[in-house]
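Student: start.cif is reproduced below (mmCIF, C-alpha atoms).
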```cif
data_run
loop_
_atom_site.group_PDB
_atom_site.id
_atom_site.type_symbol
_atom_site.label_atom_id
_atom_site.label_comp_id
_atom_site.auth_asym_id
_atom_site.auth_seq_id
_atom_site.Cartn_x
_atom_site.Cartn_y
_atom_site.Cartn_z
ATOM 1 C CA MET A 315 -6.883 -1.605 -2.397
ATOM 2 C CA ALA A 316 -9.331 0.388 -0.307
ATOM 3 C CA ILE A 317 -12.802 -1.095 -0.109
ATOM 4 C CA LEU A 318 -16.082 0.706 -0.749
ATOM 5 C CA SER A 319 -18.854 0.623 1.841
ATOM 6 C CA VAL A 320 -22.027 2.260 0.563
ATOM 7 C CA ASN A 321 -24.049 4.326 3.027
ATOM 8 C CA VAL A 322 -27.765 3.736 2.312
ATOM 9 C CA ASN A 323 -29.193 6.485 4.519
ATOM 10 C CA LYS A 324 -30.415 8.420 1.474
ATOM 11 C CA ILE A 325 -32.341 5.378 0.250
ATOM 12 C CA ALA A 326 -34.120 5.266 3.605
ATOM 13 C CA THR A 327 -34.827 8.999 3.400
ATOM 14 C CA LEU A 328 -36.471 8.531 0.004
ATOM 15 C CA ARG A 329 -38.490 5.578 1.269
ATOM 16 C CA ASN A 330 -39.649 7.415 4.379
ATOM 17 C CA SER A 331 -40.739 10.449 2.368
ATOM 18 C CA ARG A 332 -43.657 8.426 0.991
ATOM 19 C CA GLY A 333 -44.341 6.389 4.118
ATOM 20 C CA GLY A 334 -44.158 3.012 2.389
ATOM 21 C CA ASP A 335 -41.462 0.537 1.497
ATOM 22 C CA VAL A 336 -40.335 1.899 -1.877
ATOM 23 C CA PRO A 337 -37.465 1.814 -2.497
ATOM 24 C CA ASN A 338 -36.966 -1.318 -0.433
ATOM 25 C CA LEU A 339 -33.812 -0.841 1.619
ATOM 26 C CA VAL A 340 -32.963 -4.535 1.835
ATOM 27 C CA LYS A 341 -33.289 -5.005 -1.923
ATOM 28 C CA VAL A 342 -31.119 -1.967 -2.592
ATOM 29 C CA ALA A 343 -28.443 -3.284 -0.207
ATOM 30 C CA LEU A 344 -28.478 -6.687 -1.904
ATOM 31 C CA ASP A 345 -28.288 -5.041 -5.334
ATOM 32 C CA LEU A 346 -25.376 -2.874 -4.214
ATOM 33 C CA GLU A 347 -23.502 -5.984 -3.102
ATOM 34 C CA ARG A 348 -24.345 -7.686 -6.407
ATOM 35 C CA PHE A 349 -22.989 -4.663 -8.276
ATOM 36 C CA GLY A 350 -19.726 -4.884 -6.340
ATOM 37 C CA ALA A 351 -20.080 -2.884 -3.127
ATOM 38 C CA GLN A 352 -17.850 -4.389 -0.449
ATOM 39 C CA GLY A 353 -19.841 -3.192 2.557
ATOM 40 C CA ILE A 354 -23.078 -1.528 3.631
ATOM 41 C CA THR A 355 -23.082 1.404 6.059
ATOM 42 C CA ILE A 356 -26.035 2.784 8.000
ATOM 43 C CA HIS A 357 -26.242 5.674 10.444
ATOM 44 C CA PRO A 358 -29.430 5.395 12.501
ATOM 45 C CA ARG A 359 -30.366 8.454 14.529
ATOM 46 C CA PRO A 360 -32.601 8.527 17.602
ATOM 47 C CA ASP A 361 -35.541 10.064 15.713
ATOM 48 C CA GLU A 362 -35.209 7.424 12.950
ATOM 49 C CA ARG A 363 -35.680 10.112 10.317
ATOM 50 C CA HIS A 364 -33.979 7.932 7.724
ATOM 51 C CA ILE A 365 -32.554 4.615 8.916
ATOM 52 C CA LYS A 366 -34.909 2.924 11.353
ATOM 53 C CA TYR A 367 -33.604 0.640 14.048
ATOM 54 C CA GLN A 368 -35.522 -2.209 12.427
ATOM 55 C CA ASP A 369 -33.548 -1.603 9.232
ATOM 56 C CA ALA A 370 -30.383 -2.561 11.099
ATOM 57 C CA ARG A 371 -31.981 -5.823 12.176
ATOM 58 C CA ASP A 372 -33.255 -6.557 8.664
ATOM 59 C CA LEU A 373 -29.936 -5.777 6.994
ATOM 60 C CA LYS A 374 -27.983 -7.943 9.412
ATOM 61 C CA LYS A 375 -29.941 -10.956 8.158
ATOM 62 C CA VAL A 376 -29.012 -10.455 4.514
ATOM 63 C CA VAL A 377 -25.779 -8.471 4.125
ATOM 64 C CA GLN A 378 -23.078 -10.824 2.902
ATOM 65 C CA THR A 379 -20.157 -8.367 2.874
ATOM 66 C CA GLU A 380 -19.760 -6.185 5.967
ATOM 67 C CA LEU A 381 -22.354 -4.220 7.873
ATOM 68 C CA ASN A 382 -21.028 -1.008 9.436
ATOM 69 C CA ILE A 383 -23.272 0.829 11.890
ATOM 70 C CA GLU A 384 -22.362 4.453 12.623
ATOM 71 C CA GLY A 385 -23.738 6.648 15.351
ATOM 72 C CA ASN A 386 -23.463 8.464 18.634
ATOM 73 C CA PRO A 387 -23.076 5.820 21.364
ATOM 74 C CA ILE A 388 -26.113 6.779 23.430
ATOM 75 C CA GLU A 389 -27.886 3.983 25.284
ATOM 76 C CA SER A 390 -30.345 3.104 22.513
ATOM 77 C CA PHE A 391 -27.548 2.959 19.931
ATOM 78 C CA ILE A 392 -25.379 0.759 22.141
ATOM 79 C CA ASN A 393 -28.300 -1.595 22.718
ATOM 80 C CA LEU A 394 -28.961 -1.803 18.976
ATOM 81 C CA VAL A 395 -25.335 -2.624 18.154
ATOM 82 C CA ASP A 396 -25.248 -5.202 20.942
ATOM 83 C CA GLU A 397 -28.316 -6.855 19.421
ATOM 84 C CA VAL A 398 -27.364 -6.683 15.737
ATOM 85 C CA GLN A 399 -23.648 -7.501 16.066
ATOM 86 C CA PRO A 400 -22.360 -5.768 12.906
ATOM 87 C CA ALA A 401 -18.876 -6.334 11.563
ATOM 88 C CA GLN A 402 -17.932 -2.766 12.497
ATOM 89 C CA VAL A 403 -19.253 0.021 14.664
ATOM 90 C CA THR A 404 -18.167 3.605 13.999
ATOM 91 C CA LEU A 405 -18.538 6.045 16.872
ATOM 92 C CA VAL A 406 -19.680 9.497 15.721
ATOM 93 C CA PRO A 407 -20.273 12.452 18.086
ATOM 94 C CA ASP A 408 -23.278 13.948 16.324
ATOM 95 C CA GLY A 409 -26.096 15.536 18.309
ATOM 96 C CA PRO A 410 -29.703 14.385 17.898
ATOM 97 C CA ASP A 411 -30.578 17.469 15.851
ATOM 98 C CA ALA A 412 -27.551 17.329 13.542
ATOM 99 C CA LEU A 413 -28.452 17.309 9.854
ATOM 100 C CA THR A 414 -25.339 15.257 9.157
ATOM 101 C CA SER A 415 -22.057 14.499 10.900
ATOM 102 C CA ASN A 416 -20.097 17.729 11.251
ATOM 103 C CA ALA A 417 -17.083 17.055 13.494
ATOM 104 C CA GLY A 418 -14.874 14.326 14.822
ATOM 105 C CA TRP A 419 -14.413 13.310 18.445
ATOM 106 C CA ASP A 420 -12.187 15.175 20.850
ATOM 107 C CA THR A 421 -10.424 11.967 21.783
ATOM 108 C CA ILE A 422 -8.479 13.630 24.580
ATOM 109 C CA LYS A 423 -11.432 15.213 26.349
ATOM 110 C CA HIS A 424 -13.576 12.090 25.936
ATOM 111 C CA LYS A 425 -10.799 9.528 26.365
ATOM 112 C CA ASN A 426 -12.310 7.679 29.332
ATOM 113 C CA PHE A 427 -15.785 7.525 27.795
ATOM 114 C CA LEU A 428 -14.456 6.309 24.439
ATOM 115 C CA THR A 429 -12.166 3.763 26.074
ATOM 116 C CA ASP A 430 -15.119 2.201 27.890
ATOM 117 C CA ILE A 431 -17.287 2.131 24.762
ATOM 118 C CA VAL A 432 -14.512 0.694 22.602
ATOM 119 C CA LYS A 433 -13.862 -2.064 25.130
ATOM 120 C CA HIS A 434 -17.585 -2.819 25.374
ATOM 121 C CA PHE A 435 -17.826 -3.490 21.647
ATOM 122 C CA LYS A 436 -14.414 -5.121 21.171
ATOM 123 C CA ASP A 437 -15.197 -7.597 23.952
ATOM 124 C CA GLN A 438 -18.010 -8.811 21.670
ATOM 125 C CA GLY A 439 -15.715 -9.154 18.668
ATOM 126 C CA ILE A 440 -17.050 -6.054 16.907
ATOM 127 C CA ARG A 441 -14.401 -4.013 15.104
ATOM 128 C CA THR A 442 -14.436 -0.429 16.382
ATOM 129 C CA SER A 443 -13.716 2.847 14.627
ATOM 130 C CA ILE A 444 -13.716 6.433 15.925
ATOM 131 C CA PHE A 445 -14.707 9.356 13.689
ATOM 132 C CA VAL A 446 -11.954 11.989 13.954
ATOM 133 C CA ASP A 447 -10.749 15.194 12.359
ATOM 134 C CA PRO A 448 -7.342 14.987 10.622
ATOM 135 C CA VAL A 449 -5.432 16.243 13.651
ATOM 136 C CA VAL A 450 -2.401 14.323 14.899
ATOM 137 C CA SER A 451 -3.246 14.821 18.578
ATOM 138 C CA MET A 452 -6.737 13.390 17.967
ATOM 139 C CA ILE A 453 -5.193 10.337 16.302
ATOM 140 C CA GLU A 454 -2.893 9.880 19.274
ATOM 141 C CA GLY A 455 -5.857 10.203 21.617
ATOM 142 C CA ALA A 456 -7.791 7.617 19.616
ATOM 143 C CA ALA A 457 -4.911 5.164 19.878
ATOM 144 C CA GLN A 458 -5.060 5.395 23.655
ATOM 145 C CA THR A 459 -8.660 4.140 23.662
ATOM 146 C CA GLY A 460 -7.662 0.797 22.148
ATOM 147 C CA VAL A 461 -9.705 1.396 18.986
ATOM 148 C CA ASP A 462 -9.097 -0.725 15.881
ATOM 149 C CA ARG A 463 -9.516 2.044 13.323
ATOM 150 C CA ILE A 464 -10.201 5.721 12.847
ATOM 151 C CA GLU A 465 -12.514 7.222 10.255
ATOM 152 C CA LEU A 466 -11.110 10.482 8.941
ATOM 153 C CA TYR A 467 -13.755 13.191 8.560
ATOM 154 C CA THR A 468 -13.183 14.387 5.010
ATOM 155 C CA GLU A 469 -15.512 17.384 4.590
ATOM 156 C CA ASP A 470 -12.623 19.868 4.762
ATOM 157 C CA PHE A 471 -10.732 17.928 2.113
ATOM 158 C CA ALA A 472 -13.745 17.900 -0.208
ATOM 159 C CA ARG A 473 -14.419 21.594 0.331
ATOM 160 C CA LEU A 474 -10.847 22.663 -0.463
ATOM 161 C CA TYR A 475 -10.122 20.105 -3.174
ATOM 162 C CA LEU A 476 -11.096 22.246 -6.157
ATOM 163 C CA GLN A 477 -9.173 25.248 -4.833
ATOM 164 C CA ASP A 478 -5.907 23.575 -3.860
ATOM 165 C CA LYS A 479 -5.864 19.794 -3.688
ATOM 166 C CA GLU A 480 -2.333 19.625 -2.254
ATOM 167 C CA LYS A 481 -3.309 21.909 0.610
ATOM 168 C CA ALA A 482 -6.546 19.997 1.056
ATOM 169 C CA ILE A 483 -4.841 16.619 1.437
ATOM 170 C CA ALA A 484 -1.867 17.704 3.584
ATOM 171 C CA PRO A 485 -3.442 17.285 7.051
ATOM 172 C CA TYR A 486 -4.902 13.925 6.052
ATOM 173 C CA ILE A 487 -1.503 12.612 5.034
ATOM 174 C CA LYS A 488 -0.072 13.629 8.414
ATOM 175 C CA ALA A 489 -3.010 12.088 10.259
ATOM 176 C CA ALA A 490 -2.829 8.872 8.247
ATOM 177 C CA ASN A 491 0.912 8.551 8.771
ATOM 178 C CA LYS A 492 0.430 8.925 12.522
ATOM 179 C CA ALA A 493 -2.332 6.313 12.520
ATOM 180 C CA THR A 494 -0.121 3.864 10.639
ATOM 181 C CA GLU A 495 2.751 4.574 13.027
ATOM 182 C CA LEU A 496 0.450 3.778 15.961
ATOM 183 C CA GLY A 497 -0.954 0.634 14.382
ATOM 184 C CA ILE A 498 -4.478 1.932 13.758
ATOM 185 C CA GLY A 499 -6.404 1.136 10.572
ATOM 186 C CA ILE A 500 -7.636 4.042 8.441
ATOM 187 C CA ASN A 501 -11.164 4.558 7.141
ATOM 188 C CA ALA A 502 -12.522 7.776 5.659
ATOM 189 C CA GLY A 503 -15.808 9.389 4.782
ATOM 190 C CA HIS A 504 -17.951 12.497 4.276
ATOM 191 C CA ASP A 505 -18.355 14.345 0.971
ATOM 192 C CA LEU A 506 -16.001 12.046 -0.904
ATOM 193 C CA SER A 507 -17.138 11.783 -4.525
ATOM 194 C CA LEU A 508 -16.171 10.544 -7.974
ATOM 195 C CA GLU A 509 -14.464 13.894 -8.463
ATOM 196 C CA ASN A 510 -12.064 13.666 -5.523
ATOM 197 C CA ILE A 511 -11.832 10.028 -4.401
ATOM 198 C CA LYS A 512 -9.039 8.907 -6.746
ATOM 199 C CA PHE A 513 -6.645 11.618 -5.569
ATOM 200 C CA PHE A 514 -7.529 10.994 -1.918
ATOM 201 C CA ASN A 515 -6.939 7.260 -2.274
ATOM 202 C CA GLU A 516 -3.617 7.752 -4.084
ATOM 203 C CA GLN A 517 -2.309 10.057 -1.356
ATOM 204 C CA LEU A 518 -3.200 7.705 1.518
ATOM 205 C CA PRO A 519 -1.655 4.332 0.631
ATOM 206 C CA ASP A 520 -2.764 2.750 3.920
ATOM 207 C CA LEU A 521 -6.444 3.634 3.422
ATOM 208 C CA ILE A 522 -8.563 0.557 4.185
ATOM 209 C CA GLU A 523 -12.157 1.640 3.649
ATOM 210 C CA VAL A 524 -14.271 4.555 2.492
ATOM 211 C CA SER A 525 -17.928 5.023 3.361
ATOM 212 C CA ILE A 526 -19.816 7.001 0.731
ATOM 213 C CA GLY A 527 -23.518 7.720 0.581
ATOM 214 C CA HIS A 528 -24.853 11.133 -0.424
ATOM 215 C CA ALA A 529 -22.550 11.705 -3.397
ATOM 216 C CA LEU A 530 -22.801 8.135 -4.633
ATOM 217 C CA ILE A 531 -26.596 8.125 -4.562
ATOM 218 C CA ALA A 532 -26.778 11.559 -6.213
ATOM 219 C CA GLU A 533 -24.335 10.507 -8.942
ATOM 220 C CA SER A 534 -26.294 7.312 -9.445
ATOM 221 C CA LEU A 535 -29.372 9.319 -10.416
ATOM 222 C CA TYR A 536 -27.438 10.198 -13.575
ATOM 223 C CA LEU A 537 -25.117 7.246 -14.056
ATOM 224 C CA GLY A 538 -26.816 4.251 -12.441
ATOM 225 C CA LEU A 539 -25.872 2.418 -9.251
ATOM 226 C CA GLU A 540 -23.995 -0.412 -10.964
ATOM 227 C CA ASN A 541 -21.877 1.984 -12.983
ATOM 228 C CA VAL A 542 -21.141 4.238 -10.017
ATOM 229 C CA VAL A 543 -20.123 1.408 -7.680
ATOM 230 C CA ASN A 544 -17.635 0.081 -10.225
ATOM 231 C CA MET A 545 -16.378 3.600 -11.062
ATOM 232 C CA TYR A 546 -15.546 4.050 -7.372
ATOM 233 C CA LYS A 547 -13.860 0.642 -7.224
ATOM 234 C CA ALA A 548 -11.709 1.508 -10.242
ATOM 235 C CA ARG A 549 -10.585 4.714 -8.534
ATOM 236 C CA LEU A 550 -9.749 2.808 -5.344
ATOM 237 C CA ALA A 551 -7.696 0.121 -7.086
#
```
Turn the structure described in the file into structure tokens.

Tutor:
Amino acid sequence: MAILSVNVNKIATLRNSRGGDVPNLVKVALDLERFGAQGITIHPRPDERHIKYQDARDLKKVVQTELNIEGNPIESFINLVDEVQPAQVTLVPDGPDALTSNAGWDTIKHKNFLTDIVKHFKDQGIRTSIFVDPVVSMIEGAAQTGVDRIELYTEDFARLYLQDKEKAIAPYIKAANKATELGIGINAGHDLSLENIKFFNEQLPDLIEVSIGHALIAESLYLGLENVVNMYKARLA
């Protein structure tokens, strides 16, 4: 059964919009775990426009499941991960001005850089994952870095799902099969939702973890966090 890690960036965005501490990010994370979430994901950016670096420190003290920190491995990010020691670090190649993640790594072009970063974190016992597009050559490149897992970038799947779900899932099946063949664990995330997650999970039997934030929080406005977390878990069973 794939596990659900909830990305709480949107909670931080809401909090920051008023300049206070409501909603309280730590309380939300603890509630999410109580409701059944099996991990908490954060994606701090250099300008701290949603998740602040201090949030990572605060969450590390209380998260009882798994803390996953995503981000571009610039110096400040590396230093933060070194300090916080999350269960997992996910390397994402987003620029400082990116609204959200919009592409996976070119694991061939950046092989040497990624290899060094992966080793740096794995030497500390932190599980490493590389954010990649569903392209077989990128999976093969990721394997050469020594990474533990990949995270498949699923925006294309979500965009095409309503038009032709078989076409939408095809490259992800190929990518996942290659990852399994090479002994790499499979995570996934970006624009997965209650509408498409069950089909995605059924088609990728080796899927280990999904990280979902924007859709889950938006759906929760209507359905409630506890209901939504358990609706996702039912679809991932």

Student: With only C-alpha atoms counted, which protein, DNA or RNA residues have an atom no more than 12 Å from (-27.2, 5.3, -3.2) in the file frame? Please answer as a VMD selection string.

Tutor: chain A and resid 319 to 328 337 339 342 to 343 345 to 347 349 351 354 to 356 525 to 543

Student: May I have the residues from that selection written out with C-alpha atoms, as a CSV table (one decimal), in the coordinates of the input?

Tutor:
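Result saved to result-v4.csv:
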```
chain,number,residue,atom,x,y,z
A,319,SER,CA,-18.9,0.6,1.8
A,320,VAL,CA,-22.0,2.3,0.6
A,321,ASN,CA,-24.0,4.3,3.0
A,322,VAL,CA,-27.8,3.7,2.3
A,323,ASN,CA,-29.2,6.5,4.5
A,324,LYS,CA,-30.4,8.4,1.5
A,325,ILE,CA,-32.3,5.4,0.2
A,326,ALA,CA,-34.1,5.3,3.6
A,327,THR,CA,-34.8,9.0,3.4
A,328,LEU,CA,-36.5,8.5,0.0
A,337,PRO,CA,-37.5,1.8,-2.5
A,339,LEU,CA,-33.8,-0.8,1.6
A,342,VAL,CA,-31.1,-2.0,-2.6
A,343,ALA,CA,-28.4,-3.3,-0.2
A,345,ASP,CA,-28.3,-5.0,-5.3
A,346,LEU,CA,-25.4,-2.9,-4.2
A,347,GLU,CA,-23.5,-6.0,-3.1
A,349,PHE,CA,-23.0,-4.7,-8.3
A,351,ALA,CA,-20.1,-2.9,-3.1
A,354,ILE,CA,-23.1,-1.5,3.6
A,355,THR,CA,-23.1,1.4,6.1
A,356,ILE,CA,-26.0,2.8,8.0
A,525,SER,CA,-17.9,5.0,3.4
A,526,ILE,CA,-19.8,7.0,0.7
A,527,GLY,CA,-23.5,7.7,0.6
A,528,HIS,CA,-24.9,11.1,-0.4
A,529,ALA,CA,-22.6,11.7,-3.4
A,530,LEU,CA,-22.8,8.1,-4.6
A,531,ILE,CA,-26.6,8.1,-4.6
A,532,ALA,CA,-26.8,11.6,-6.2
A,533,GLU,CA,-24.3,10.5,-8.9
A,534,SER,CA,-26.3,7.3,-9.4
A,535,LEU,CA,-29.4,9.3,-10.4
A,536,TYR,CA,-27.4,10.2,-13.6
A,537,LEU,CA,-25.1,7.2,-14.1
A,538,GLY,CA,-26.8,4.3,-12.4
A,539,LEU,CA,-25.9,2.4,-9.3
A,540,GLU,CA,-24.0,-0.4,-11.0
A,541,ASN,CA,-21.9,2.0,-13.0
A,542,VAL,CA,-21.1,4.2,-10.0
A,543,VAL,CA,-20.1,1.4,-7.7
```

Student: Applied to this file, what does the PyMOL selection byres ((chain A and resi 366-382) around 6) return in terms of residues, put as a list in words?

Tutor: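 Output from the PyMOL selection byres ((chain A and resi 366-382) around 6), applied to this file: Gln352, Gly353, Ile354, Thr355, Glu362, Ile365, Ile383, Val398, Pro400, Ala401, Gln402 and Val403 of chain A.
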
Student: Using only C-alpha atoms for the distances, tell me which of A:Val340, A:Val450, A:Val432, A:Ile422 is nearest to A:Thr404.

Tutor: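 Selected residue with least distance to A:Thr404: A:Val432.
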
Student: Need the shell around A:Asn510: protein/DNA/RNA residues with any atom at most 9 Å away, counting only C-alpha atoms. Skip same-chain ones fewer than 4 positions apart. Format as a PyMOL selection string?

Tutor: chain A and resi 471-472+475-476+479+506+514-515

Student: A:Ala490, A:Pro407, A:Ile511, A:Ile440: which is nearest A:Ala548, counting only C-alpha atoms?

Tutor: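 With only C-alpha atoms as the atom set, the closest residue is A:Ile511.
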
Student: List the spatial neighbours of stretch 457-467 of chain A as a ChimeraX atom specification - criterion: any atom at most 8 Å away, all atoms listed in the file, same-chain residues fewer than 3 positions off excluded.

Tutor: /A:404,417-418,425-426,428-430,432-433,441-448,453-454,470,486,493,496,498-504

Student: Separation of atom CA of A:Trp419 and atom CA of A:Ala551, in Å?

Tutor: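 Atom-to-atom, atom CA of A:Trp419 and atom CA of A:Ala551 are spaced 29.5 Å apart.
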
Student: Measuring between only C-alpha atoms, which one of A:Asp505, A:Ile388, A:Ala456, A:Val449 shows the shortest distance to A:Thr468?

Tutor: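 Looking only at the distances to A:Thr468, the closest residue turns out to be A:Asp505.
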
Student: Select, from A:Asp520, A:Asp408, A:Ile431, A:Arg363, the residue with the minimum atom-to-atom distance to A:Val395, counting all atoms listed in the file.

Tutor: A:Ile431

Student: Atom CA of A:Gln399 and atom CA of A:Gly385, how far apart in Å?

Tutor: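 Between atom CA of A:Gly385 and atom CA of A:Gln399 the gap works out to 14.2 Å.
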
Student: So which one's closest to A:Phe513, A:Met545, A:Ala316, A:Leu550, A:Val406? Using all atoms listed in the file, please.

Tutor: A:Leu550

Student: Counting all atoms listed in the file, which residue out of A:His364, A:His357, A:Arg348, A:Asn491 sits closest to A:Arg332?

Tutor: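 For A:Arg332, the nearest of the given residues is A:His364.
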
Student: Rounded to one decimal place, report the atom CA of A:Ser451-atom CA of A:Thr421 distance in Å.

Tutor: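 Pair atom CA of A:Ser451 / atom CA of A:Thr421 returns 8.4 Å.
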